[in-house]
Every structure is written in C-alpha cells, then in structure tokens.
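In what follows, a structure is listed as structure tokens, so that the remarks can point back to it.
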Amino acid sequence: MLVTGVTQLIVSPLVVFLDRHFDARLLTFIGLVIFGSGLAISSWESGNADFHEMILPQVLRGTGIMFCLIPPTRLALSGLPEEMIPDGSALFNLMRNLGGAVGIALVDTVIWQRSPKLAAEAAMKLAAGDTATANAIGLPFPLPPAGSIKLDGPEIELVRPYLETYALTGAINEAWFLLAAVTFAALFALPLSRPNKAFRS
C-alpha cells in the first residue's frame, strides 16, 4: 500500500498544475479511467500474487485517485458564490465520506457472502473429479478419483486450506471488479456536469 501513497505524493503537484489550466471534467475523466483500470487489473489476481503483481495497479490507483479528488472538488464548488464555498465544501466532504462508508460495506458484503459460495462450488467440482478446478486451487498432490472426496467427510479437510484461499481470492477479485464497474459507470455522469469556472479559495 506504500506504493499507492508514494504515487499520490508524486502526482499531486502535477494534478494541481493541470487543474489550473484544464477543464476539471476532462481531468476527472482521465482520473476515473486510470483509477478504474487499476481496480480492474486487481480483479485478476491469483492467491500467490505478491509485490510484483500488485505494483502496477497500485501505481495506477495512486495516480487516478488524485485526479478523482482535486478536479471534482473544483468542479463541485466553482459554481457557488464565494460566501457559500465553506458550506459547500463541508457538504462535499460529508458526501465523499458517506460514499466511502457505503463502498466499504459493499466490499465487505461481497467478500464474506461470495467466499463461502465459491468454496462450496469448488468443493463440489473436486468431489466430481474436476482436474481443472484442482489446478486452479493449486493442490500440491494428485486429485483423488471422482467420488472419493466426500463433502461431509474427513477427506475435505485435506483440501480445505486450498479451497479457502481460492474462494477468498475469488471473492476479493469480484469486489475489485465491482468497484471498477462503479468507477467506470461514473463516467456517464460527467456530461451532466456544468463547465467549471475559475476556482477561488
């Protein structure tokens, strides 16, 4: 996660500079595309993903999030009279925090609801002798013959750690994909926004 933070520190001066010279709608569009791409790439991670697999999406998200913070703030507040900007800023921050809370709850729901279902589906395929599922789970031993793994028997305990890792990874990937879809969906709201005026703090 340090990669994302460092990227934000590096990119933020550039975003501030661009925000003074370009339409906030264009910069917000760029930010949503970059941020959504970073989310989408993470939706293909495996259970063995490490730093090298995660660095690109983290850099993209760190870059995109700054474009999704500074220009939209100007876009939201620049049309207000100067005396209303403090109240508008407070309301904007409230809605942003509320959106974050809803997003976290949504991610938690996806992970903890989908993970048991993915594990159960994979266990049924293993019991049927599906070698493709065994390879996807990463079993370090040959798959026993079809029918020898009982879902309610001690045999399933041999593969339970691999099932849990596989299911949790799949559920997290689905959460990443859902966040990417929501981010890309926000692109359709941009044409509805008004052109920004010069922002005065």
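By convention in this document, the chains of the structure tokens carry letters A, B, ... by their order, each chain's residues are numbered from 1, and ligands are numbered from 1 in the order they are shown.
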Looking only at alpha helix (DSSP H) from DSSP on the backbone, list the matching residues of range 62-129 of chain A as a count of residues only.
-> 57
Skipping near chain neighbours, those fewer than 6 positions away, what residues fall within 12 Å of Glu53 in chain A using only C-alpha atoms, listed as a PyMOL selection string?
-> chain A and resi 38+41-47+59
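In this structure, CA of Trp112 in chain A sits 25.1 Å away from CA of Asp130 in chain A.
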Determine, for each residue of range 65-141 of chain A having at least one atom at most 9 Å from an atom of range 4-27 of chain A, the closest pair of atoms and their separation in Å to one decimal, counting only C-alpha atoms; order by chain and ascending number, as JSON lines.
```
{"residue": "A:Ile65", "atom": "CA", "partner": "A:Gln8", "partner_atom": "CA", "distance": 7.6}
{"residue": "A:Met66", "atom": "CA", "partner": "A:Ser12", "partner_atom": "CA", "distance": 6.1}
{"residue": "A:Phe67", "atom": "CA", "partner": "A:Leu27", "partner_atom": "CA", "distance": 6.1}
{"residue": "A:Cys68", "atom": "CA", "partner": "A:Leu27", "partner_atom": "CA", "distance": 8.0}
{"residue": "A:Ile70", "atom": "CA", "partner": "A:Val16", "partner_atom": "CA", "distance": 7.2}
{"residue": "A:Pro71", "atom": "CA", "partner": "A:Ala24", "partner_atom": "CA", "distance": 4.8}
{"residue": "A:Pro72", "atom": "CA", "partner": "A:Ala24", "partner_atom": "CA", "distance": 6.5}
{"residue": "A:Thr73", "atom": "CA", "partner": "A:Ala24", "partner_atom": "CA", "distance": 8.8}
{"residue": "A:Arg74", "atom": "CA", "partner": "A:Ala24", "partner_atom": "CA", "distance": 7.0}
{"residue": "A:Leu75", "atom": "CA", "partner": "A:Ala24", "partner_atom": "CA", "distance": 5.9}
```
Could you pull the residues within 9 Å of range 177-187 of chain A, counting only C-alpha atoms, minus those fewer than 2 positions along the same chain, as a VMD selection string?
-> chain A and resid 28 to 29 32 to 33 35 to 44 103 107 110 172 to 175 189 to 191
Could those residues be written to a file, using C-alpha atoms, as a PDB file, in the first residue's frame?
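After the write, selection_22.pdb holds the following:
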```
ATOM      1  CA  THR A  28     -11.874  13.865 -13.812  1.00  0.00           C
ATOM      2  CA  PHE A  29     -12.489  11.683 -16.872  1.00  0.00           C
ATOM      3  CA  LEU A  32     -11.740   7.762 -13.458  1.00  0.00           C
ATOM      4  CA  VAL A  33     -10.264   5.835 -16.393  1.00  0.00           C
ATOM      5  CA  PHE A  35      -8.362   4.573 -11.313  1.00  0.00           C
ATOM      6  CA  GLY A  36     -10.890   2.148 -12.811  1.00  0.00           C
ATOM      7  CA  SER A  37      -8.124   0.446 -14.793  1.00  0.00           C
ATOM      8  CA  GLY A  38      -6.106  -0.068 -11.604  1.00  0.00           C
ATOM      9  CA  LEU A  39      -9.135  -1.626  -9.947  1.00  0.00           C
ATOM     10  CA  ALA A  40      -9.893  -3.856 -12.949  1.00  0.00           C
ATOM     11  CA  ILE A  41      -6.328  -5.181 -13.145  1.00  0.00           C
ATOM     12  CA  SER A  42      -6.533  -6.246  -9.493  1.00  0.00           C
ATOM     13  CA  SER A  43      -9.620  -8.337 -10.262  1.00  0.00           C
ATOM     14  CA  TRP A  44      -7.390 -10.912 -11.991  1.00  0.00           C
ATOM     15  CA  GLY A 103     -18.281   1.352  -0.552  1.00  0.00           C
ATOM     16  CA  VAL A 107     -16.920  -4.670  -0.440  1.00  0.00           C
ATOM     17  CA  VAL A 110     -19.270  -9.186  -1.485  1.00  0.00           C
ATOM     18  CA  ILE A 172     -11.823 -10.288  -3.420  1.00  0.00           C
ATOM     19  CA  ASN A 173     -11.363 -10.274  -7.188  1.00  0.00           C
ATOM     20  CA  GLU A 174     -15.124  -9.920  -7.608  1.00  0.00           C
ATOM     21  CA  ALA A 175     -15.086  -6.972  -5.192  1.00  0.00           C
ATOM     22  CA  ALA A 189     -22.324  11.388 -15.056  1.00  0.00           C
ATOM     23  CA  LEU A 190     -19.596  13.706 -16.344  1.00  0.00           C
ATOM     24  CA  PRO A 191     -21.525  15.014 -19.389  1.00  0.00           C
TER      25      PRO A 191
END
```
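Close contacts of range 136-145 of chain A, defined as residues with an atom at most 10 Å away when counting only C-alpha atoms, with chain neighbours fewer than 2 positions off set aside, comprise Ser46, Gly47, Asn48, Ala122, Leu126, Ala127, Ala128, Gly129, Asp130, Thr131, Ala132, Thr133, Ala134, Gly147, Ser148, Ile149, Glu155, Leu158, Val159, Pro161, Tyr162, Leu163, Glu164, Thr165, Tyr166 and Ala167 of chain A.
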What does the distance from CA of Asp108 in chain A to CA of Phe92 in chain A come to in Å, to one decimal?
-> 24.5 Å
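Atom to atom, CA of Leu60 in chain A and CA of Gly31 in chain A stand 9.4 Å apart.
Shortest atom-to-atom contact with Gly64 in chain A among A:Ala123, A:Leu192, A:Ile30, A:Met1: A:Ile30, counting only C-alpha atoms.
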